[in-house]
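Have a look at upload21.cif; it's mmCIF, C-alpha atoms and all ligand atoms:
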```cif
data_run
loop_
_atom_site.group_PDB
_atom_site.id
_atom_site.type_symbol
_atom_site.label_atom_id
_atom_site.label_comp_id
_atom_site.auth_asym_id
_atom_site.auth_seq_id
_atom_site.Cartn_x
_atom_site.Cartn_y
_atom_site.Cartn_z
ATOM 1 C CA MET A 7 7.795 39.243 -22.191
ATOM 2 C CA SER A 8 9.214 40.740 -19.006
ATOM 3 C CA SER A 9 12.556 42.358 -19.627
ATOM 4 C CA GLN A 10 14.451 43.661 -22.614
ATOM 5 C CA GLN A 11 17.172 41.103 -21.914
ATOM 6 C CA ALA A 12 14.629 38.294 -22.226
ATOM 7 C CA VAL A 13 13.471 39.669 -25.594
ATOM 8 C CA VAL A 14 17.057 39.893 -26.863
ATOM 9 C CA ASP A 15 17.787 36.314 -25.733
ATOM 10 C CA HIS A 16 14.596 35.084 -27.359
ATOM 11 C CA VAL A 17 15.399 36.827 -30.650
ATOM 12 C CA ALA A 18 18.914 35.336 -30.582
ATOM 13 C CA THR A 19 17.417 31.850 -30.263
ATOM 14 C CA ILE A 20 14.997 32.457 -33.148
ATOM 15 C CA VAL A 21 17.723 33.873 -35.420
ATOM 16 C CA CYS A 22 20.063 31.005 -34.560
ATOM 17 C CA SER A 23 17.512 28.385 -35.562
ATOM 18 C CA ARG A 24 16.476 30.242 -38.748
ATOM 19 C CA LEU A 25 20.062 30.614 -39.977
ATOM 20 C CA GLU A 26 20.998 27.026 -39.225
ATOM 21 C CA GLY A 27 22.984 25.511 -42.060
ATOM 22 C CA GLN A 28 23.453 28.819 -43.855
ATOM 23 C CA GLY A 29 27.147 28.878 -44.729
ATOM 24 C CA ALA A 30 29.200 31.156 -46.995
ATOM 25 C CA GLY A 31 29.946 33.722 -44.310
ATOM 26 C CA HIS A 32 26.365 34.199 -43.248
ATOM 27 C CA GLY A 33 25.760 31.707 -40.487
ATOM 28 C CA PHE A 34 24.833 32.553 -36.914
ATOM 29 C CA ASP A 35 28.557 32.958 -36.174
ATOM 30 C CA HIS A 36 28.505 36.136 -38.313
ATOM 31 C CA ILE A 37 25.467 37.388 -36.425
ATOM 32 C CA GLN A 38 27.105 36.660 -33.061
ATOM 33 C CA ARG A 39 30.229 38.588 -34.018
ATOM 34 C CA VAL A 40 28.215 41.566 -35.284
ATOM 35 C CA TRP A 41 26.164 41.468 -32.056
ATOM 36 C CA ASN A 42 29.357 41.433 -29.932
ATOM 37 C CA THR A 43 31.070 44.197 -31.906
ATOM 38 C CA ALA A 44 27.913 46.325 -31.821
ATOM 39 C CA ARG A 45 27.888 46.050 -28.021
ATOM 40 C CA VAL A 46 31.561 47.063 -27.873
ATOM 41 C CA LEU A 47 30.874 50.085 -30.090
ATOM 42 C CA GLN A 48 27.768 51.027 -28.067
ATOM 43 C CA LYS A 49 29.859 51.236 -24.888
ATOM 44 C CA LYS A 50 32.168 53.743 -26.587
ATOM 45 C CA VAL A 51 29.681 55.680 -28.687
ATOM 46 C CA GLY A 52 26.351 55.431 -26.857
ATOM 47 C CA GLY A 53 22.923 54.802 -28.372
ATOM 48 C CA ASP A 54 20.000 52.647 -27.278
ATOM 49 C CA SER A 55 21.374 49.186 -26.460
ATOM 50 C CA PHE A 56 18.031 47.445 -26.916
ATOM 51 C CA VAL A 57 17.556 48.721 -30.491
ATOM 52 C CA ILE A 58 21.231 48.074 -31.326
ATOM 53 C CA GLU A 59 21.172 44.477 -30.103
ATOM 54 C CA LEU A 60 17.893 43.663 -31.860
ATOM 55 C CA ALA A 61 19.026 45.220 -35.149
ATOM 56 C CA ALA A 62 22.410 43.453 -34.971
ATOM 57 C CA LEU A 63 20.674 40.114 -34.424
ATOM 58 C CA LEU A 64 18.100 40.648 -37.170
ATOM 59 C CA HIS A 65 20.126 42.485 -39.831
ATOM 60 C CA ASP A 66 20.538 39.469 -42.155
ATOM 61 C CA ILE A 67 17.355 37.557 -41.251
ATOM 62 C CA GLY A 68 15.857 38.152 -44.713
ATOM 63 C CA ASP A 69 19.060 38.716 -46.702
ATOM 64 C CA ALA A 70 18.322 39.194 -50.386
ATOM 65 C CA LYS A 71 20.833 36.481 -51.353
ATOM 66 C CA PHE A 72 18.606 33.859 -49.809
ATOM 67 C CA HIS A 73 15.274 35.286 -50.957
ATOM 68 C CA ASP A 74 15.462 35.552 -54.737
ATOM 69 C CA GLY A 75 17.180 38.918 -54.617
ATOM 70 C CA GLU A 76 14.488 40.450 -52.431
ATOM 71 C CA GLU A 77 15.590 42.015 -49.132
ATOM 72 C CA ARG A 78 13.060 40.856 -46.517
ATOM 73 C CA SER A 79 14.838 41.583 -43.232
ATOM 74 C CA LYS A 80 12.462 44.395 -42.252
ATOM 75 C CA GLU A 81 9.392 42.249 -42.878
ATOM 76 C CA PHE A 82 10.750 39.251 -40.934
ATOM 77 C CA SER A 83 12.058 41.439 -38.083
ATOM 78 C CA THR A 84 8.669 43.079 -37.709
ATOM 79 C CA GLU A 85 6.902 39.714 -37.558
ATOM 80 C CA ILE A 86 9.301 38.346 -34.948
ATOM 81 C CA LEU A 87 9.254 41.435 -32.741
ATOM 82 C CA GLN A 88 5.464 41.756 -32.923
ATOM 83 C CA THR A 89 5.085 38.178 -31.699
ATOM 84 C CA LEU A 90 7.270 39.050 -28.711
ATOM 85 C CA GLY A 91 5.177 42.132 -27.871
ATOM 86 C CA VAL A 92 7.920 44.689 -28.536
ATOM 87 C CA ALA A 93 6.807 48.356 -28.632
ATOM 88 C CA VAL A 94 5.863 49.746 -32.044
ATOM 89 C CA ASP A 95 8.484 52.524 -32.026
ATOM 90 C CA VAL A 96 11.265 49.985 -31.356
ATOM 91 C CA ILE A 97 9.964 47.699 -34.133
ATOM 92 C CA GLN A 98 9.929 50.630 -36.580
ATOM 93 C CA HIS A 99 13.423 51.732 -35.604
ATOM 94 C CA VAL A 100 14.854 48.202 -35.991
ATOM 95 C CA GLY A 101 13.028 47.811 -39.337
ATOM 96 C CA MET A 102 14.463 51.081 -40.589
ATOM 97 C CA ILE A 103 17.980 49.974 -39.641
ATOM 98 C CA VAL A 104 17.896 46.500 -41.179
ATOM 99 C CA ASP A 105 16.396 47.970 -44.339
ATOM 100 C CA ASN A 106 19.108 50.575 -44.823
ATOM 101 C CA ILE A 107 22.495 49.257 -43.709
ATOM 102 C CA SER A 108 23.537 47.111 -46.669
ATOM 103 C CA PHE A 109 26.539 48.072 -48.810
ATOM 104 C CA ARG A 110 24.416 47.563 -51.900
ATOM 105 C CA LYS A 111 21.979 50.252 -50.792
ATOM 106 C CA ARG A 112 24.584 52.800 -49.805
ATOM 107 C CA GLN A 113 23.612 55.287 -52.533
ATOM 108 C CA SER A 114 19.879 55.191 -51.886
ATOM 109 C CA ALA A 115 19.797 54.441 -48.154
ATOM 110 C CA GLU A 116 18.048 56.754 -45.721
ATOM 111 C CA PRO A 117 20.250 58.540 -43.139
ATOM 112 C CA LEU A 118 20.953 56.203 -40.230
ATOM 113 C CA SER A 119 20.375 56.905 -36.544
ATOM 114 C CA ILE A 120 23.361 56.442 -34.219
ATOM 115 C CA GLU A 121 22.023 52.948 -33.476
ATOM 116 C CA GLY A 122 21.963 52.162 -37.213
ATOM 117 C CA GLN A 123 25.431 53.587 -37.689
ATOM 118 C CA ILE A 124 26.779 51.296 -34.993
ATOM 119 C CA VAL A 125 25.182 48.162 -36.449
ATOM 120 C CA GLN A 126 26.408 49.080 -39.933
ATOM 121 C CA ASP A 127 29.960 49.584 -38.642
ATOM 122 C CA ALA A 128 29.827 46.267 -36.769
ATOM 123 C CA ASP A 129 28.606 44.443 -39.905
ATOM 124 C CA ARG A 130 31.328 46.007 -42.042
ATOM 125 C CA LEU A 131 34.022 45.204 -39.482
ATOM 126 C CA ASP A 132 33.147 41.526 -39.871
ATOM 127 C CA ALA A 133 34.186 41.761 -43.534
ATOM 128 C CA LEU A 134 37.675 42.890 -42.452
ATOM 129 C CA GLY A 135 40.652 41.361 -40.626
ATOM 130 C CA ALA A 136 41.357 37.653 -40.218
ATOM 131 C CA ILE A 137 37.637 36.883 -40.192
ATOM 132 C CA GLY A 138 37.149 38.970 -43.324
ATOM 133 C CA ILE A 139 39.839 36.963 -45.118
ATOM 134 C CA VAL A 140 38.186 33.688 -44.116
ATOM 135 C CA ARG A 141 34.745 34.914 -45.203
ATOM 136 C CA THR A 142 36.155 35.948 -48.578
ATOM 137 C CA ILE A 143 37.674 32.482 -49.006
ATOM 138 C CA GLU A 144 34.379 30.860 -48.007
ATOM 139 C CA PHE A 145 32.548 33.000 -50.561
ATOM 140 C CA GLY A 146 35.048 31.962 -53.243
ATOM 141 C CA VAL A 147 34.610 28.286 -52.445
ATOM 142 C CA ALA A 148 30.816 28.590 -52.506
ATOM 143 C CA PHE A 149 30.749 30.531 -55.803
ATOM 144 C CA ASN A 150 33.673 28.801 -57.486
ATOM 145 C CA GLN A 151 35.854 31.898 -57.615
ATOM 146 C CA PRO A 152 39.677 31.671 -57.316
ATOM 147 C CA PHE A 153 41.316 33.451 -54.400
ATOM 148 C CA TYR A 154 44.115 34.828 -56.556
ATOM 149 C CA SER A 155 45.154 34.742 -60.158
ATOM 150 C CA ASP A 156 48.105 36.047 -62.159
ATOM 151 C CA ASP A 157 45.745 37.466 -64.744
ATOM 152 C CA ALA A 158 43.741 39.287 -62.094
ATOM 153 C CA GLU A 159 42.736 41.936 -64.629
ATOM 154 C CA ASP A 160 40.091 39.794 -66.262
ATOM 155 C CA LYS A 161 39.213 37.499 -63.380
ATOM 156 C CA LYS A 162 37.096 38.015 -60.316
ATOM 157 C CA THR A 163 39.170 36.887 -57.355
ATOM 158 C CA GLY A 164 39.072 36.979 -53.556
ATOM 159 C CA ILE A 165 42.039 39.350 -53.379
ATOM 160 C CA GLY A 166 40.413 41.412 -56.139
ATOM 161 C CA HIS A 167 37.405 41.742 -53.798
ATOM 162 C CA PHE A 168 39.706 43.134 -51.074
ATOM 163 C CA TYR A 169 40.537 46.036 -53.399
ATOM 164 C CA GLU A 170 37.132 46.383 -55.021
ATOM 165 C CA LYS A 171 35.214 46.626 -51.771
ATOM 166 C CA LEU A 172 36.878 45.726 -48.494
ATOM 167 C CA PHE A 173 39.690 48.301 -48.500
ATOM 168 C CA LYS A 174 37.073 50.996 -49.074
ATOM 169 C CA LEU A 175 35.177 50.204 -45.889
ATOM 170 C CA ARG A 176 37.491 52.019 -43.468
ATOM 171 C CA ASP A 177 36.646 55.390 -45.000
ATOM 172 C CA LEU A 178 32.959 54.529 -44.934
ATOM 173 C CA MET A 179 32.883 53.866 -41.177
ATOM 174 C CA ASN A 180 30.358 56.014 -39.328
ATOM 175 C CA THR A 181 31.974 56.100 -35.895
ATOM 176 C CA ASP A 182 35.519 56.908 -34.785
ATOM 177 C CA ALA A 183 35.558 53.731 -32.688
ATOM 178 C CA GLY A 184 34.603 51.698 -35.764
ATOM 179 C CA ARG A 185 37.239 53.426 -37.866
ATOM 180 C CA GLU A 186 39.964 52.597 -35.323
ATOM 181 C CA LEU A 187 39.044 48.909 -35.369
ATOM 182 C CA ALA A 188 38.801 48.960 -39.174
ATOM 183 C CA LYS A 189 42.306 50.410 -39.428
ATOM 184 C CA VAL A 190 43.838 47.579 -37.384
ATOM 185 C CA ARG A 191 41.936 44.937 -39.357
ATOM 186 C CA GLU A 192 42.789 46.472 -42.722
ATOM 187 C CA GLU A 193 46.495 46.640 -41.841
ATOM 188 C CA PHE A 194 46.430 42.933 -41.027
ATOM 189 C CA MET A 195 44.914 42.256 -44.465
ATOM 190 C CA HIS A 196 47.594 44.326 -46.235
ATOM 191 C CA ALA A 197 50.294 42.346 -44.396
ATOM 192 C CA PHE A 198 48.533 39.137 -45.421
ATOM 193 C CA VAL A 199 48.393 40.197 -49.091
ATOM 194 C CA ALA A 200 52.107 41.128 -49.061
ATOM 195 C CA GLN A 201 53.098 37.768 -47.560
ATOM 196 C CA PHE A 202 50.704 35.909 -49.881
ATOM 197 C CA LYS A 203 52.217 37.540 -52.973
ATOM 198 C CA GLU A 204 55.765 36.833 -51.798
ATOM 199 C CA GLU A 205 54.917 33.167 -51.370
ATOM 200 C CA TRP A 206 53.026 33.080 -54.691
ATOM 201 C CA THR A 207 56.012 34.398 -56.639
ATOM 202 C CA GLY A 208 58.568 32.526 -54.525
ATOM 203 C CA THR A 209 60.394 35.727 -53.549
ATOM 204 C CA SER A 210 60.160 34.927 -49.825
ATOM 205 C CA GLU A 211 62.500 31.950 -50.353
ATOM 206 C CA LYS A 212 65.107 33.920 -52.323
ATOM 207 C CA GLN A 213 68.049 35.231 -50.301
HETATM 208 P P1 LIG B 301 26.998 41.194 -45.182
HETATM 209 O O1 LIG B 301 25.631 41.090 -45.802
HETATM 210 O O2 LIG B 301 27.107 40.450 -43.911
HETATM 211 O O3 LIG B 301 27.480 42.578 -45.047
HETATM 212 P P2 LIG B 301 27.900 40.168 -47.741
HETATM 213 O O4 LIG B 301 26.706 39.360 -48.007
HETATM 214 O O5 LIG B 301 28.078 41.378 -48.591
HETATM 215 O O6 LIG B 301 28.025 40.525 -46.182
HETATM 216 O O7 LIG B 301 29.161 39.248 -47.910
HETATM 217 C C1 LIG B 301 29.402 38.149 -47.074
HETATM 218 C C2 LIG B 301 30.892 37.865 -47.063
HETATM 219 O O8 LIG B 301 31.301 37.420 -48.359
HETATM 220 C C3 LIG B 301 31.723 39.108 -46.741
HETATM 221 O O9 LIG B 301 32.806 38.801 -45.933
HETATM 222 C C4 LIG B 301 32.164 39.582 -48.106
HETATM 223 O O10 LIG B 301 33.373 40.286 -48.076
HETATM 224 C C5 LIG B 301 32.283 38.290 -48.877
HETATM 225 N N1 LIG B 301 32.022 38.564 -50.287
HETATM 226 C C6 LIG B 301 30.973 39.213 -50.818
HETATM 227 N N2 LIG B 301 31.093 39.330 -52.168
HETATM 228 C C7 LIG B 301 32.274 38.741 -52.484
HETATM 229 C C8 LIG B 301 32.988 38.522 -53.713
HETATM 230 N N3 LIG B 301 32.520 38.942 -54.892
HETATM 231 N N4 LIG B 301 34.168 37.871 -53.643
HETATM 232 C C9 LIG B 301 34.654 37.427 -52.459
HETATM 233 N N5 LIG B 301 34.047 37.591 -51.274
HETATM 234 C C10 LIG B 301 32.854 38.237 -51.271
HETATM 235 NI NI NI B 302 25.828 40.880 -42.101
#
```
Please go through the file and, once you have read it, give me the structure as structure tokens.
Amino acid sequence: MSSQQAVVDHVATIVCSRLEGQGAGHGFDHIQRVWNTARVLQKKVGGDSFVIELAALLHDIGDAKFHDGEERSKEFSTEILQTLGVAVDVIQHVGMIVDNISFRKRQSAEPLSIEGQIVQDADRLDALGAIGIVRTIEFGVAFNQPFYSDDAEDKKTGIGHFYEKLFKLRDLMNTDAGRELAKVREEFMHAFVAQFKEEWTGTSEKQ
């Protein structure tokens, strides 16, 4: 494989075909957005573009949700990158990133390199904003969970998930650039929740 760009393009094609038909917020569209955002963050923050792009593309390739609860992204990434003749140190770095960026692992994860921090921020940003709202709705549809409920206390809901997890992400951002984007996206979600609740209770129609 001649250039790094060719490797990245090749990996994108492989990931696209592997994730085909995988809905519920985890299709190739999610990967493309994380890839784009990671590139935006890299321009502001720095870090090795090649590692960042590969890790962004491969970060959900073996997501535990689709493999009986077992996270296999590192294993699959290594296989793919070895086939393309990528250098061992790059393969190890990408494997380390995809193995350690998930929210679930945040207590036990190993410290992330700047490249890992960028990919983690990009992944978390995709859970926020207008896209984040849509992904939450998609999750609810797939897992038969209501988006909102009056008795929210004893029900898992989409809006409940905003408070349980998504509104915590801004403070967990690694980079200042990521935090700035998270702030804008979170504010949009708060405005959405306020409007949603007004419509739900009918107060927006009252004069
Ligand atoms: P990723 O692995 O890309 O970080 P997740 O697998 O954690 O994302 O979640 C995929 C999408 O589904 C995200 O947008 C997330 O907010 C949403 N989601 C995850 N868990 C829930 C839940 N319990 N209720 C509603 N939405 C959820
Ligand atoms: Ni992801």
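Residues in contact range of A:Phe198, defined as at most 12 Å between all atoms listed in the file, with sequence neighbours fewer than 3 positions away removed, read Leu134, Gly135, Ala136, Gly138, Ile139, Val140, Ile165, Phe168, Arg191, Glu192, Glu193, Phe194, Met195, Gln201, Phe202, Lys203, Glu204, Glu205 and Trp206 of chain A.
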Per residue of chain A within 8 Å of ligand NI 302 (chain B), note the shortest atom pair and the distance in Å to one decimal, counting all atoms listed in the file, and order the rows by chain and increasing residue number, as CSV.
```
residue,atom,partner,partner_atom,distance
A:His32,CA,B:NI302,NI,6.8
A:His36,CA,B:NI302,NI,6.6
A:Ile37,CA,B:NI302,NI,6.7
A:Val40,CA,B:NI302,NI,7.3
A:His65,CA,B:NI302,NI,6.3
A:Asp66,CA,B:NI302,NI,5.5
A:Asp129,CA,B:NI302,NI,5.0
A:Arg130,CA,B:NI302,NI,7.5
A:Asp132,CA,B:NI302,NI,7.7
```
Contacts with ligand LIG 301 (chain B) at most 10 Å, only C-alpha atoms and all ligand atoms counted, listed as a count of residues only: 55
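Candidate residues A:Leu87, A:Leu25, A:Val190, A:Leu47 were compared for distance to A:Gln123, and the nearest is A:Leu47, using only C-alpha atoms.
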Residue members of the PyMOL selection byres (((chain A and resi 51) around 10) and not hetatm) in the file shown, as a VMD selection string: chain A and resid 45 to 50 52 to 53 120 to 121 124 181 to 184
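Comparing the minimum interatomic distances between A:Asn180 and each of A:Gln88, A:Thr209, A:Ser119, A:Ser155, counting all atoms listed in the file, we find that A:Ser119 sits nearest.
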For A:Met102: contacts at 9 Å, only C-alpha atoms, fewer than 6 positions along chain excluded, given as a VMD selection string: chain A and resid 80 116 118 122
Best match for closeness to A:Phe34 among A:Ala62, A:Phe56, A:Thr207, A:Asp95, counting all atoms listed in the file: A:Ala62
Residues matched by the PyMOL selection byres (((chain A and resi 84) around 12) and not hetatm) as JSON, numbers by chain: {"A": [17, 60, 61, 64, 65, 67, 68, 78, 79, 80, 81, 82, 83, 85, 86, 87, 88, 89, 90, 91, 92, 93, 94, 95, 96, 97, 98, 99, 100, 101, 102, 103, 104, 105]}
Could those selected residues go to a file with C-alpha atoms, as a PDB file, keeping the file's coordinate frame?
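This went into again-v4.pdb:
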```pdb
ATOM      1  CA  VAL A  17      15.399  36.827 -30.650  1.00  0.00           C
ATOM      2  CA  LEU A  60      17.893  43.663 -31.860  1.00  0.00           C
ATOM      3  CA  ALA A  61      19.026  45.220 -35.149  1.00  0.00           C
ATOM      4  CA  LEU A  64      18.100  40.648 -37.170  1.00  0.00           C
ATOM      5  CA  HIS A  65      20.126  42.485 -39.831  1.00  0.00           C
ATOM      6  CA  ILE A  67      17.355  37.557 -41.251  1.00  0.00           C
ATOM      7  CA  GLY A  68      15.857  38.152 -44.713  1.00  0.00           C
ATOM      8  CA  ARG A  78      13.060  40.856 -46.517  1.00  0.00           C
ATOM      9  CA  SER A  79      14.838  41.583 -43.232  1.00  0.00           C
ATOM     10  CA  LYS A  80      12.462  44.395 -42.252  1.00  0.00           C
ATOM     11  CA  GLU A  81       9.392  42.249 -42.878  1.00  0.00           C
ATOM     12  CA  PHE A  82      10.750  39.251 -40.934  1.00  0.00           C
ATOM     13  CA  SER A  83      12.058  41.439 -38.083  1.00  0.00           C
ATOM     14  CA  GLU A  85       6.902  39.714 -37.558  1.00  0.00           C
ATOM     15  CA  ILE A  86       9.301  38.346 -34.948  1.00  0.00           C
ATOM     16  CA  LEU A  87       9.254  41.435 -32.741  1.00  0.00           C
ATOM     17  CA  GLN A  88       5.464  41.756 -32.923  1.00  0.00           C
ATOM     18  CA  THR A  89       5.085  38.178 -31.699  1.00  0.00           C
ATOM     19  CA  LEU A  90       7.270  39.050 -28.711  1.00  0.00           C
ATOM     20  CA  GLY A  91       5.177  42.132 -27.871  1.00  0.00           C
ATOM     21  CA  VAL A  92       7.920  44.689 -28.536  1.00  0.00           C
ATOM     22  CA  ALA A  93       6.807  48.356 -28.632  1.00  0.00           C
ATOM     23  CA  VAL A  94       5.863  49.746 -32.044  1.00  0.00           C
ATOM     24  CA  ASP A  95       8.484  52.524 -32.026  1.00  0.00           C
ATOM     25  CA  VAL A  96      11.265  49.985 -31.356  1.00  0.00           C
ATOM     26  CA  ILE A  97       9.964  47.699 -34.133  1.00  0.00           C
ATOM     27  CA  GLN A  98       9.929  50.630 -36.580  1.00  0.00           C
ATOM     28  CA  HIS A  99      13.423  51.732 -35.604  1.00  0.00           C
ATOM     29  CA  VAL A 100      14.854  48.202 -35.991  1.00  0.00           C
ATOM     30  CA  GLY A 101      13.028  47.811 -39.337  1.00  0.00           C
ATOM     31  CA  MET A 102      14.463  51.081 -40.589  1.00  0.00           C
ATOM     32  CA  ILE A 103      17.980  49.974 -39.641  1.00  0.00           C
ATOM     33  CA  VAL A 104      17.896  46.500 -41.179  1.00  0.00           C
ATOM     34  CA  ASP A 105      16.396  47.970 -44.339  1.00  0.00           C
TER      35      ASP A 105
END
```
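Pairwise distance (atom CA of A:His16, atom CA of A:Asp54) equals 18.4 Å.
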